[in-house]
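Data block for model_29.json (JSON, C-alpha atoms):
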```json
[["chain", "number", "residue", "atom", "x", "y", "z"],
["A", 29, "MET", "CA", 164.40, 158.32, 318.04],
["A", 30, "LYS", "CA", 166.57, 160.36, 315.79],
["A", 31, "LEU", "CA", 169.65, 158.65, 314.44],
["A", 32, "LYS", "CA", 171.65, 161.84, 313.99],
["A", 33, "SER", "CA", 174.99, 162.48, 315.63],
["A", 34, "LYS", "CA", 175.34, 165.53, 317.84],
["A", 35, "LYS", "CA", 176.90, 168.60, 316.35],
["A", 36, "SER", "CA", 179.35, 168.76, 319.24],
["A", 37, "SER", "CA", 180.63, 165.27, 318.50],
["A", 38, "LYS", "CA", 181.57, 166.19, 314.95],
["A", 39, "GLU", "CA", 185.07, 167.26, 314.06],
["A", 40, "LYS", "CA", 185.51, 171.00, 313.53],
["A", 41, "LYS", "CA", 186.71, 171.97, 310.08],
["A", 42, "ARG", "CA", 188.64, 174.79, 308.48],
["A", 43, "TYR", "CA", 188.71, 175.75, 304.81],
["A", 44, "ILE", "CA", 191.92, 177.06, 303.27],
["A", 45, "LEU", "CA", 191.94, 179.04, 300.05],
["A", 46, "PHE", "CA", 195.16, 178.94, 298.07],
["A", 47, "LYS", "CA", 196.49, 180.08, 294.74],
["A", 48, "HIS", "CA", 199.17, 178.18, 292.89],
["A", 49, "MET", "CA", 201.67, 179.92, 290.64],
["A", 50, "TRP", "CA", 202.30, 177.08, 288.19],
["A", 51, "ARG", "CA", 201.44, 177.25, 284.51],
["A", 52, "ASP", "CA", 197.84, 177.72, 283.36],
["A", 53, "ASN", "CA", 195.50, 174.76, 282.89],
["A", 54, "PHE", "CA", 197.36, 172.62, 285.39],
["A", 55, "LYS", "CA", 195.02, 169.64, 285.86],
["A", 56, "LYS", "CA", 193.03, 169.26, 289.09],
["A", 57, "GLU", "CA", 194.27, 165.70, 289.61],
["A", 58, "ASP", "CA", 197.88, 166.85, 289.35],
["A", 59, "VAL", "CA", 197.35, 169.60, 291.93],
["A", 60, "ILE", "CA", 195.78, 167.12, 294.37],
["A", 61, "LYS", "CA", 198.63, 164.67, 293.74],
["A", 62, "LEU", "CA", 201.21, 167.39, 294.50],
["A", 63, "ILE", "CA", 199.41, 168.32, 297.76],
["A", 64, "TRP", "CA", 199.27, 164.70, 298.95],
["A", 65, "ASN", "CA", 202.88, 164.01, 297.96],
["A", 66, "SER", "CA", 203.97, 167.07, 299.93],
["A", 67, "ALA", "CA", 201.91, 165.96, 302.95],
["A", 68, "LEU", "CA", 203.34, 162.44, 302.87],
["A", 69, "GLU", "CA", 206.87, 163.73, 302.43],
["A", 70, "PHE", "CA", 206.64, 166.29, 305.24],
["A", 71, "LEU", "CA", 204.57, 164.42, 307.84],
["A", 72, "GLY", "CA", 204.70, 160.78, 306.81],
["A", 73, "GLU", "CA", 201.72, 158.43, 306.50],
["A", 74, "LEU", "CA", 200.68, 158.63, 310.15],
["A", 75, "GLY", "CA", 200.98, 162.40, 310.29],
["A", 76, "ALA", "CA", 199.05, 162.86, 307.04],
["A", 77, "ALA", "CA", 196.25, 160.66, 308.38],
["A", 78, "GLU", "CA", 195.71, 163.02, 311.31],
["A", 79, "LEU", "CA", 195.04, 166.04, 309.09],
["A", 80, "SER", "CA", 191.59, 165.04, 307.73],
["A", 81, "LEU", "CA", 192.81, 166.62, 304.53],
["A", 82, "TRP", "CA", 190.38, 166.86, 301.63],
["A", 83, "ALA", "CA", 190.74, 168.84, 298.41],
["A", 84, "ILE", "CA", 187.33, 170.37, 297.79],
["A", 85, "SER", "CA", 187.84, 172.13, 294.52],
["A", 86, "VAL", "CA", 190.54, 173.38, 292.19],
["A", 87, "ASP", "CA", 189.91, 175.89, 289.43],
["A", 88, "GLU", "CA", 192.22, 175.05, 286.56],
["A", 89, "GLU", "CA", 191.85, 178.41, 284.80],
["A", 90, "LYS", "CA", 192.11, 180.76, 287.79],
["A", 91, "ARG", "CA", 194.68, 178.58, 289.56],
["A", 92, "ILE", "CA", 192.74, 178.80, 292.82],
["A", 93, "GLY", "CA", 191.79, 175.92, 295.08],
["A", 94, "ILE", "CA", 190.13, 175.08, 298.40],
["A", 95, "VAL", "CA", 191.21, 172.37, 300.83],
["A", 96, "ARG", "CA", 189.54, 171.28, 304.05],
["A", 97, "CYS", "CA", 191.21, 170.06, 307.24],
["A", 98, "ASN", "CA", 190.51, 169.84, 310.97],
["A", 99, "THR", "CA", 191.09, 172.80, 313.30],
["A", 100, "LYS", "CA", 194.07, 171.23, 315.04],
["A", 101, "SER", "CA", 196.14, 170.90, 311.90],
["A", 102, "VAL", "CA", 195.57, 174.20, 310.08],
["A", 103, "ASP", "CA", 199.18, 175.29, 310.52],
["A", 104, "LYS", "CA", 200.49, 171.95, 309.26],
["A", 105, "VAL", "CA", 198.32, 172.11, 306.14],
["A", 106, "ILE", "CA", 199.42, 175.70, 305.44],
["A", 107, "CYS", "CA", 203.04, 174.55, 305.71],
["A", 108, "ILE", "CA", 202.37, 171.60, 303.40],
["A", 109, "LEU", "CA", 200.80, 173.84, 300.78],
["A", 110, "SER", "CA", 203.62, 176.35, 300.90],
["A", 111, "LEU", "CA", 206.28, 173.62, 300.74],
["A", 112, "ILE", "CA", 205.08, 172.54, 297.30],
["A", 113, "ARG", "CA", 207.50, 173.60, 294.59],
["A", 114, "HIS", "CA", 206.89, 172.94, 290.92],
["A", 115, "GLU", "CA", 209.01, 174.55, 288.21],
["A", 116, "ASN", "CA", 210.50, 176.79, 290.92],
["A", 117, "LYS", "CA", 207.09, 178.25, 291.68],
["A", 118, "GLY", "CA", 205.15, 177.88, 294.90],
["A", 119, "THR", "CA", 201.68, 178.44, 296.31],
["A", 120, "LEU", "CA", 200.23, 181.45, 298.11],
["A", 121, "ILE", "CA", 197.77, 181.06, 300.98],
["A", 122, "LEU", "CA", 194.94, 183.54, 300.48],
["A", 123, "GLY", "CA", 192.82, 182.85, 303.53],
["A", 124, "VAL", "CA", 191.52, 180.52, 306.22],
["A", 125, "SER", "CA", 187.91, 180.32, 307.32],
["A", 126, "GLY", "CA", 185.47, 178.14, 309.24],
["A", 127, "THR", "CA", 182.87, 178.30, 306.47],
["A", 128, "MET", "CA", 182.96, 178.32, 302.71],
["A", 129, "LYS", "CA", 181.09, 181.59, 302.71],
["A", 130, "GLY", "CA", 183.77, 183.14, 304.90],
["A", 131, "LEU", "CA", 186.31, 182.60, 302.14],
["A", 132, "GLU", "CA", 184.46, 185.13, 299.97],
["A", 133, "LYS", "CA", 186.41, 187.87, 301.75],
["A", 134, "TRP", "CA", 189.53, 186.82, 299.90],
["A", 135, "SER", "CA", 188.18, 185.69, 296.59],
["A", 136, "ASP", "CA", 184.48, 186.54, 296.38],
["A", 137, "GLU", "CA", 184.20, 185.91, 292.67],
["A", 138, "TYR", "CA", 185.45, 182.33, 292.75],
["A", 139, "VAL", "CA", 183.89, 181.16, 296.04],
["A", 140, "SER", "CA", 180.42, 182.59, 295.45],
["A", 141, "LYS", "CA", 180.38, 181.07, 291.97],
["A", 142, "ARG", "CA", 181.32, 177.70, 293.45],
["A", 143, "ASN", "CA", 178.64, 178.01, 296.14],
["A", 144, "GLY", "CA", 176.08, 178.86, 293.48],
["A", 145, "ILE", "CA", 175.34, 182.31, 294.92],
["B", 20, "MET", "CA", 194.03, 189.97, 301.16],
["B", 21, "LEU", "CA", 194.81, 188.79, 304.71],
["B", 22, "LYS", "CA", 194.41, 192.25, 306.16],
["B", 23, "LYS", "CA", 194.18, 190.91, 309.72],
["B", 24, "TYR", "CA", 197.89, 190.22, 309.79],
["B", 25, "LEU", "CA", 200.20, 193.19, 310.02],
["B", 26, "ALA", "CA", 203.61, 192.16, 308.85],
["B", 27, "ILE", "CA", 207.08, 193.50, 308.18],
["B", 28, "ASP", "CA", 209.20, 191.18, 306.06],
["B", 29, "LEU", "CA", 212.89, 191.83, 306.69],
["B", 30, "ARG", "CA", 213.97, 189.49, 303.89],
["B", 31, "GLY", "CA", 211.47, 189.18, 301.09],
["B", 32, "TYR", "CA", 210.08, 190.44, 297.82],
["B", 33, "PRO", "CA", 207.86, 193.60, 297.67],
["B", 34, "ASN", "CA", 204.14, 192.76, 297.85],
["B", 35, "GLY", "CA", 200.86, 194.18, 299.06],
["B", 36, "MET", "CA", 200.53, 191.86, 302.05],
["B", 37, "CYS", "CA", 203.37, 193.34, 304.10],
["B", 38, "GLU", "CA", 203.73, 196.87, 305.44],
["B", 39, "LYS", "CA", 207.45, 197.04, 304.70],
["B", 40, "VAL", "CA", 209.73, 194.68, 302.84],
["B", 41, "TYR", "CA", 213.53, 194.69, 302.87],
["B", 42, "MET", "CA", 215.84, 192.88, 300.48],
["B", 43, "PRO", "CA", 219.26, 192.52, 302.14],
["B", 44, "LYS", "CA", 222.17, 192.53, 299.75],
["B", 45, "GLU", "CA", 225.14, 190.25, 300.29],
["B", 46, "ILE", "CA", 228.29, 192.38, 300.59],
["B", 47, "LYS", "CA", 232.00, 191.79, 300.93],
["B", 48, "SER", "CA", 232.99, 195.43, 301.57],
["B", 49, "PRO", "CA", 231.08, 198.40, 303.15],
["B", 50, "GLU", "CA", 228.27, 199.63, 300.87],
["B", 51, "LYS", "CA", 225.46, 202.14, 301.28],
["B", 52, "GLU", "CA", 222.44, 199.85, 301.03],
["B", 53, "GLU", "CA", 219.25, 199.91, 303.07],
["B", 54, "ALA", "CA", 219.78, 196.34, 304.27],
["B", 55, "VAL", "CA", 223.02, 194.37, 304.05],
["B", 56, "GLU", "CA", 224.12, 190.85, 304.84],
["B", 57, "LEU", "CA", 227.65, 189.87, 305.84],
["B", 58, "CYS", "CA", 228.75, 186.36, 304.99],
["B", 59, "PHE", "CA", 232.22, 185.78, 306.38],
["B", 60, "GLU", "CA", 233.74, 182.81, 308.14],
["B", 61, "ASP", "CA", 236.17, 184.94, 310.08],
["B", 62, "MET", "CA", 235.25, 187.29, 312.94],
["B", 63, "VAL", "CA", 238.12, 189.69, 312.14],
["B", 64, "GLU", "CA", 236.70, 190.41, 308.69],
["B", 65, "ILE", "CA", 233.18, 190.90, 310.09],
["B", 66, "LYS", "CA", 234.49, 193.43, 312.60],
["B", 67, "LYS", "CA", 236.44, 195.24, 309.86],
["B", 68, "VAL", "CA", 233.34, 195.72, 307.69],
["B", 69, "LEU", "CA", 231.02, 196.48, 310.62],
["B", 70, "ARG", "CA", 233.23, 199.41, 311.69],
["B", 71, "LYS", "CA", 232.58, 201.16, 308.38],
["B", 72, "LEU", "CA", 228.83, 200.47, 308.18],
["B", 73, "ASP", "CA", 226.23, 203.07, 309.09],
["B", 74, "LYS", "CA", 224.04, 202.57, 312.17],
["B", 75, "THR", "CA", 220.86, 203.29, 310.22],
["B", 76, "GLN", "CA", 221.36, 200.26, 308.00],
["B", 77, "LEU", "CA", 219.71, 196.94, 308.72],
["B", 78, "ILE", "CA", 222.62, 194.57, 309.29],
["B", 79, "PHE", "CA", 222.27, 190.81, 308.90],
["B", 80, "VAL", "CA", 225.21, 188.55, 309.69],
["B", 81, "ARG", "CA", 225.19, 184.92, 308.62],
["B", 82, "GLY", "CA", 226.07, 182.48, 311.37],
["B", 83, "GLY", "CA", 228.41, 179.56, 311.04],
["B", 84, "ASN", "CA", 230.00, 177.54, 313.81],
["B", 85, "ILE", "CA", 229.39, 178.10, 317.50],
["B", 86, "THR", "CA", 232.54, 180.23, 318.02],
["B", 87, "LEU", "CA", 231.58, 182.54, 315.17],
["B", 88, "ASN", "CA", 227.99, 182.85, 316.43],
["B", 89, "ARG", "CA", 229.23, 183.76, 319.89],
["B", 90, "GLY", "CA", 231.48, 186.43, 318.42],
["B", 91, "ILE", "CA", 228.68, 187.88, 316.26],
["B", 92, "VAL", "CA", 226.24, 188.35, 319.15],
["B", 93, "GLN", "CA", 228.83, 190.42, 321.02],
["B", 94, "GLU", "CA", 228.76, 193.09, 318.31],
["B", 95, "LYS", "CA", 226.11, 195.68, 319.19],
["B", 96, "LYS", "CA", 225.92, 196.98, 315.64],
["B", 97, "VAL", "CA", 224.49, 193.71, 314.35],
["B", 98, "ASP", "CA", 220.69, 193.60, 314.10],
["B", 99, "ILE", "CA", 219.96, 190.06, 313.02],
["B", 100, "LEU", "CA", 221.83, 186.76, 313.13],
["B", 101, "SER", "CA", 220.67, 184.70, 310.17],
["B", 102, "LYS", "CA", 220.97, 180.88, 310.14],
["B", 103, "PRO", "CA", 221.32, 180.87, 313.95],
["B", 104, "TYR", "CA", 222.48, 177.32, 314.46],
["B", 105, "PRO", "CA", 224.30, 175.84, 316.32],
["B", 106, "ILE", "CA", 223.74, 178.05, 319.37],
["B", 107, "ASP", "CA", 223.84, 177.58, 323.11],
["B", 108, "ASP", "CA", 222.27, 179.43, 326.03],
["B", 109, "ILE", "CA", 225.31, 181.71, 326.44],
["B", 110, "THR", "CA", 224.97, 182.93, 322.84],
["B", 111, "ALA", "CA", 221.23, 183.42, 323.29],
["B", 112, "ARG", "CA", 221.68, 185.35, 326.55],
["B", 113, "LYS", "CA", 224.29, 187.65, 325.01],
["B", 114, "ALA", "CA", 222.03, 188.23, 321.97],
["B", 115, "SER", "CA", 219.20, 189.12, 324.30],
["B", 116, "GLU", "CA", 221.40, 191.66, 326.12],
["B", 117, "ASN", "CA", 222.51, 193.30, 322.87],
["B", 118, "LYS", "CA", 219.02, 193.12, 321.32],
["B", 119, "ILE", "CA", 220.15, 190.95, 318.42],
["B", 120, "ALA", "CA", 217.38, 188.89, 316.88],
["B", 121, "PHE", "CA", 217.61, 185.39, 315.47],
["B", 122, "GLU", "CA", 216.18, 184.87, 312.00],
["B", 123, "ILE", "CA", 213.97, 182.01, 310.90],
["B", 124, "ASN", "CA", 214.06, 181.98, 307.12],
["B", 125, "VAL", "CA", 211.19, 179.94, 305.68],
["B", 126, "GLU", "CA", 212.92, 179.58, 302.32],
["B", 127, "ASP", "CA", 215.70, 177.54, 304.02],
["B", 128, "ILE", "CA", 213.09, 174.87, 304.80],
["B", 129, "VAL", "CA", 211.27, 175.10, 301.46],
["B", 130, "GLN", "CA", 214.35, 174.81, 299.26],
["B", 131, "THR", "CA", 215.74, 171.69, 300.95],
["B", 132, "LYS", "CA", 214.39, 168.15, 301.01],
["B", 133, "GLY", "CA", 214.64, 164.94, 302.96],
["B", 134, "TYR", "CA", 217.52, 164.56, 305.41],
["B", 135, "LYS", "CA", 218.77, 168.14, 305.03],
["B", 136, "ARG", "CA", 215.30, 169.63, 305.65],
["B", 137, "SER", "CA", 214.79, 167.55, 308.77],
["B", 138, "ARG", "CA", 218.20, 168.61, 310.10],
["B", 139, "ILE", "CA", 217.37, 172.28, 309.50],
["B", 140, "ILE", "CA", 214.00, 171.92, 311.25],
["B", 141, "GLU", "CA", 215.69, 170.13, 314.16],
["B", 142, "ASN", "CA", 218.28, 172.91, 314.49],
["B", 143, "LEU", "CA", 215.66, 175.67, 314.22],
["B", 144, "ARG", "CA", 213.48, 173.97, 316.84],
["B", 145, "ASN", "CA", 216.48, 173.86, 319.16],
["B", 146, "THR", "CA", 217.15, 177.56, 318.48],
["B", 147, "VAL", "CA", 213.51, 178.43, 319.24],
["B", 148, "ARG", "CA", 213.62, 176.42, 322.48],
["B", 149, "ILE", "CA", 216.79, 178.15, 323.71],
["B", 150, "SER", "CA", 215.72, 181.63, 322.65],
["B", 151, "LYS", "CA", 212.35, 181.23, 324.40],
["B", 152, "MET", "CA", 214.26, 180.27, 327.54],
["B", 153, "CYS", "CA", 216.59, 183.29, 327.32],
["B", 154, "HIS", "CA", 213.99, 185.78, 325.97],
["B", 155, "THR", "CA", 215.92, 186.39, 322.76],
["B", 156, "PRO", "CA", 213.92, 188.15, 320.02],
["B", 157, "MET", "CA", 213.14, 186.12, 316.90],
["B", 158, "VAL", "CA", 212.01, 187.23, 313.47],
["B", 159, "ILE", "CA", 210.37, 185.11, 310.80],
["B", 160, "THR", "CA", 211.19, 186.07, 307.22],
["B", 161, "SER", "CA", 209.89, 184.70, 303.94],
["B", 162, "GLY", "CA", 213.16, 184.77, 301.97],
["B", 163, "ALA", "CA", 211.20, 185.25, 298.74],
["B", 164, "THR", "CA", 213.28, 186.24, 295.73],
["B", 165, "ASP", "CA", 210.53, 186.71, 293.13],
["B", 166, "GLU", "CA", 206.76, 186.98, 292.85],
["B", 167, "PHE", "CA", 206.36, 183.21, 292.44],
["B", 168, "THR", "CA", 207.85, 182.38, 295.81],
["B", 169, "LEU", "CA", 205.91, 184.93, 297.86],
["B", 170, "LYS", "CA", 204.56, 183.89, 301.22],
["B", 171, "SER", "CA", 201.62, 185.40, 303.05],
["B", 172, "PRO", "CA", 201.94, 186.49, 306.71],
["B", 173, "ARG", "CA", 199.67, 183.58, 307.71],
["B", 174, "THR", "CA", 202.19, 181.15, 306.20],
["B", 175, "LEU", "CA", 205.01, 182.71, 308.23],
["B", 176, "VAL", "CA", 202.95, 182.32, 311.42],
["B", 177, "ALA", "CA", 202.21, 178.68, 310.53],
["B", 178, "PHE", "CA", 205.93, 177.94, 310.13],
["B", 179, "GLY", "CA", 206.60, 179.61, 313.48],
["B", 180, "ARG", "CA", 203.99, 177.36, 315.09],
["B", 181, "ILE", "CA", 205.54, 174.26, 313.51],
["B", 182, "LEU", "CA", 208.93, 175.21, 314.95],
["B", 183, "GLY", "CA", 207.60, 175.50, 318.48],
["B", 184, "LEU", "CA", 206.48, 179.11, 318.90],
["B", 185, "GLU", "CA", 203.11, 179.97, 320.43],
["B", 186, "TYR", "CA", 200.58, 181.71, 318.22],
["B", 187, "TYR", "CA", 201.10, 185.16, 319.81],
["B", 188, "GLU", "CA", 204.88, 184.73, 319.70],
["B", 189, "ALA", "CA", 204.77, 183.84, 316.01],
["B", 190, "LYS", "CA", 202.59, 186.87, 315.32],
["B", 191, "SER", "CA", 204.95, 189.21, 317.14],
["B", 192, "ALA", "CA", 207.88, 187.64, 315.25],
["B", 193, "ILE", "CA", 206.44, 188.96, 312.00],
["B", 194, "TYR", "CA", 205.46, 192.46, 313.16],
["B", 195, "ASN", "CA", 206.39, 193.68, 316.67],
["B", 196, "ILE", "CA", 209.97, 192.47, 316.77],
["B", 197, "PRO", "CA", 210.89, 193.62, 313.22],
["B", 198, "LYS", "CA", 209.39, 197.01, 314.14],
["B", 199, "MET", "CA", 211.47, 197.10, 317.32],
["B", 200, "ILE", "CA", 214.62, 196.31, 315.34],
["B", 201, "LEU", "CA", 213.91, 199.11, 312.87],
["B", 202, "GLN", "CA", 213.31, 201.55, 315.74],
["B", 203, "LYS", "CA", 216.61, 200.51, 317.37],
["B", 204, "GLY", "CA", 218.55, 202.29, 314.60],
["B", 205, "GLU", "CA", 216.44, 205.44, 314.94],
["B", 206, "HIS", "CA", 217.10, 205.63, 318.72],
["B", 207, "GLU", "CA", 220.83, 205.45, 318.15],
["B", 208, "ILE", "CA", 220.73, 208.40, 315.75],
["B", 209, "GLU", "CA", 218.82, 210.45, 318.33],
["B", 210, "LYS", "CA", 221.40, 209.52, 320.98],
["B", 211, "GLN", "CA", 224.22, 210.70, 318.72],
["B", 212, "LYS", "CA", 222.46, 214.04, 318.18],
["B", 213, "LYS", "CA", 222.14, 214.65, 321.94],
["B", 214, "PHE", "CA", 225.85, 214.15, 322.67]]
```

Go ahead and express the file in the form of structure tokens.
Amino acid sequence: MKLKSKKSSKEKKRYILFKHMWRDNFKKEDVIKLIWNSALEFLGELGAAELSLWAISVDEEKRIGIVRCNTKSVDKVICILSLIRHENKGTLILGVSGTMKGLEKWSDEYVSKRNGI
Amino acid sequence: MLKKYLAIDLRGYPNGMCEKVYMPKEIKSPEKEEAVELCFEDMVEIKKVLRKLDKTQLIFVRGGNITLNRGIVQEKKVDILSKPYPIDDITARKASENKIAFEINVEDIVQTKGYKRSRIIENLRNTVRISKMCHTPMVITSGATDEFTLKSPRTLVAFGRILGLEYYEAKSAIYNIPKMILQKGEHEIEKQKKF
């Protein structure tokens, strides 16, 4: 008997590609910290727990990053990302997709390099 | 970049994501600008300036208290009521009759924090609830002032959803309704030519 959960029982995900406008070489850890602080400030601890938020990758040089969340809270995560302000500069949402490959539409160079294509 | 979303930003900074972008200028006396915003606390002064403004211009008027808001929505020349809180159903119904839209400015939420932000969201949610009830048009604007505070059309839709709009309503608030407002001025010029 296979011990594998059904695909239908898994949570559906969305990937959000964003670009931050802060200074170059802004560390990955700092970006993730800013995202989580914004989420906790805007939604609180209980609200942030419902997002299934996960920062997948952040490119320090190109200032581009990918976060993952569940399908129900895409709008909330987009709001959280755009509410971040650092040095009077914000973030720009480039695209939302159900797969990592789908994000190539908006930034093919970065995503395909990350996927190893 | 996000080509699926057609958008007209009535208060923003020029970018490639939106079809048209307007940058309303705050004025105290009549000026020939493409988009203007009146910020007065007295209805008499608003009426005085409105009389001298051209119908082709995009006219924003900033709301204040409930009496001022009720007075503003009775002026047919006004296109958009910005900061539309506090409002009641009478104001919303009158705005609907005169085809005056309520503005949701995303930058109002972004620039504030804590208690003030939650009060603004509460007020905007109330405005959305009343305007949905009375079929008042609503527009979502980015309020961007430079290239670092730009917002994509998807972000504007997300903020609309947070404030209580349905997905299709939020989408029409960034394209169909702004387009309708811009066409309103063109119709009035045609009417004038006929008579």

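Close contacts of Leu184 of chain B, defined as residues with an atom at most 10 Å away when counting only C-alpha atoms, with chain neighbours fewer than 6 positions off set aside, comprise Arg144, Val147, Arg148, Lys151, Met157, Val176, Ala177, Phe178, Lys190 and Ala192 of chain B.
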
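The interface of chain A with chain B at 8 Å, considering all atoms listed in the file, consists of A:Met49, A:Glu69, A:Asp103, A:Lys104, A:Ile106, A:Cys107, A:Ser110, A:Leu111, A:Ile112, A:Arg113, A:Asn116, A:Lys117, A:Gly118, A:Thr119, A:Leu120, A:Ile121, A:Leu122, A:Gly123, A:Lys133, A:Trp134.
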
Q | Nearest to Asp58 of chain A, chosen from A:Ile44, A:Leu31, A:Val86, A:Leu81, with only C-alpha atoms counted in the distances | A | A:Val86

**Q.** Contact residues around Ser101 of chain B with all atoms listed in the file at 6 Å, ignoring same-chain residues under 4 positions, as a PyMOL selection string
**A.** chain B and resi 80-82+122

Could you save those same residues with C-alpha atoms as a PDB file, in the frame of the given file?
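Generated file (again_35.pdb):
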```
ATOM      1  CA  VAL B  80     225.210 188.550 309.690  1.00  0.00           C
ATOM      2  CA  ARG B  81     225.190 184.920 308.620  1.00  0.00           C
ATOM      3  CA  GLY B  82     226.070 182.480 311.370  1.00  0.00           C
ATOM      4  CA  GLU B 122     216.180 184.870 312.000  1.00  0.00           C
TER       5      GLU B 122
END
```

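Those residues positioned at most 10 Å from (195.6, 167.6, 293.8) are Phe54, Lys55, Lys56, Glu57, Asp58, Val59, Ile60, Lys61, Leu62, Ile63, Trp64, Asn65, Trp82, Ala83, Ile84, Ser85, Val86, Gly93 and Val95 of chain A, judged using all atoms listed in the file.
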
Restrict the selected residues to C-alpha atoms and save them as a short mmCIF file (atom, residue, chain, number, x, y, z; two decimals), in the frame of the given file.
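Result went into part-v6.cif, see below:
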```
data_model
loop_
_atom_site.label_atom_id
_atom_site.label_comp_id
_atom_site.auth_asym_id
_atom_site.auth_seq_id
_atom_site.Cartn_x
_atom_site.Cartn_y
_atom_site.Cartn_z
CA PHE A 54 197.36 172.62 285.39
CA LYS A 55 195.02 169.64 285.86
CA LYS A 56 193.03 169.26 289.09
CA GLU A 57 194.27 165.70 289.61
CA ASP A 58 197.88 166.85 289.35
CA VAL A 59 197.35 169.60 291.93
CA ILE A 60 195.78 167.12 294.37
CA LYS A 61 198.63 164.67 293.74
CA LEU A 62 201.21 167.39 294.50
CA ILE A 63 199.41 168.32 297.76
CA TRP A 64 199.27 164.70 298.95
CA ASN A 65 202.88 164.01 297.96
CA TRP A 82 190.38 166.86 301.63
CA ALA A 83 190.74 168.84 298.41
CA ILE A 84 187.33 170.37 297.79
CA SER A 85 187.84 172.13 294.52
CA VAL A 86 190.54 173.38 292.19
CA GLY A 93 191.79 175.92 295.08
CA VAL A 95 191.21 172.37 300.83
#
```

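Of the listed residues A:His114, A:Lys35, A:Arg51, A:Arg42, the one whose atoms come nearest to Leu131 of chain A is A:Arg42, with distances taken using all atoms listed in the file.
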
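For the pair atom CA of His154 of chain B and atom CA of Glu116 of chain B, the separation is 9.5 Å.
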
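Coordinates place atom CA of Leu182 of chain B at a distance of 21.8 Å from atom CA of Lys198 of chain B.
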
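Pairwise distance (atom CA of Asp28 of chain B, atom CA of Ile159 of chain B) equals 7.8 Å.
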
Test item: residues at most 12 Å from segment 57-64 of chain B, only C-alpha atoms, excluding those fewer than 6 positions along its chain, as an mmCIF file with C-alpha atoms, keeping the file's coordinate frame:
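Wrote out-v7.cif, looks like this:
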```cif
data_model
loop_
_atom_site.group_PDB
_atom_site.id
_atom_site.type_symbol
_atom_site.label_atom_id
_atom_site.label_comp_id
_atom_site.auth_asym_id
_atom_site.auth_seq_id
_atom_site.Cartn_x
_atom_site.Cartn_y
_atom_site.Cartn_z
ATOM 1 C CA PRO B 43 219.260 192.520 302.140
ATOM 2 C CA LYS B 44 222.170 192.530 299.750
ATOM 3 C CA GLU B 45 225.140 190.250 300.290
ATOM 4 C CA ILE B 46 228.290 192.380 300.590
ATOM 5 C CA LYS B 47 232.000 191.790 300.930
ATOM 6 C CA SER B 48 232.990 195.430 301.570
ATOM 7 C CA PRO B 49 231.080 198.400 303.150
ATOM 8 C CA GLU B 50 228.270 199.630 300.870
ATOM 9 C CA ARG B 70 233.230 199.410 311.690
ATOM 10 C CA LYS B 71 232.580 201.160 308.380
ATOM 11 C CA LEU B 72 228.830 200.470 308.180
ATOM 12 C CA LEU B 77 219.710 196.940 308.720
ATOM 13 C CA ILE B 78 222.620 194.570 309.290
ATOM 14 C CA PHE B 79 222.270 190.810 308.900
ATOM 15 C CA VAL B 80 225.210 188.550 309.690
ATOM 16 C CA ARG B 81 225.190 184.920 308.620
ATOM 17 C CA GLY B 82 226.070 182.480 311.370
ATOM 18 C CA GLY B 83 228.410 179.560 311.040
ATOM 19 C CA ASN B 84 230.000 177.540 313.810
ATOM 20 C CA ILE B 85 229.390 178.100 317.500
ATOM 21 C CA THR B 86 232.540 180.230 318.020
ATOM 22 C CA LEU B 87 231.580 182.540 315.170
ATOM 23 C CA ASN B 88 227.990 182.850 316.430
ATOM 24 C CA ARG B 89 229.230 183.760 319.890
ATOM 25 C CA GLY B 90 231.480 186.430 318.420
ATOM 26 C CA ILE B 91 228.680 187.880 316.260
ATOM 27 C CA VAL B 92 226.240 188.350 319.150
ATOM 28 C CA GLN B 93 228.830 190.420 321.020
ATOM 29 C CA GLU B 94 228.760 193.090 318.310
ATOM 30 C CA VAL B 97 224.490 193.710 314.350
ATOM 31 C CA ASP B 98 220.690 193.600 314.100
ATOM 32 C CA ILE B 99 219.960 190.060 313.020
ATOM 33 C CA LEU B 100 221.830 186.760 313.130
ATOM 34 C CA SER B 101 220.670 184.700 310.170
ATOM 35 C CA LYS B 102 220.970 180.880 310.140
#
```

Q.
Nearest residue to Leu25 of chain B out of B:Ile193, B:Ala114, B:Met199, B:Ile139, using all atoms listed in the file?
A. B:Ile193

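For the residues A:Ser135, A:Ser66, A:Ser33, A:Asn53, ranking by smallest atom-to-atom distance to Ile94 of chain A using all atoms listed in the file places A:Ser135 first.
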
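Shell of Ser101 of chain A at 9 Å, with only C-alpha atoms counted and residues fewer than 6 places along the chain excluded, is Glu78, Leu79 and Ser80 of chain A.
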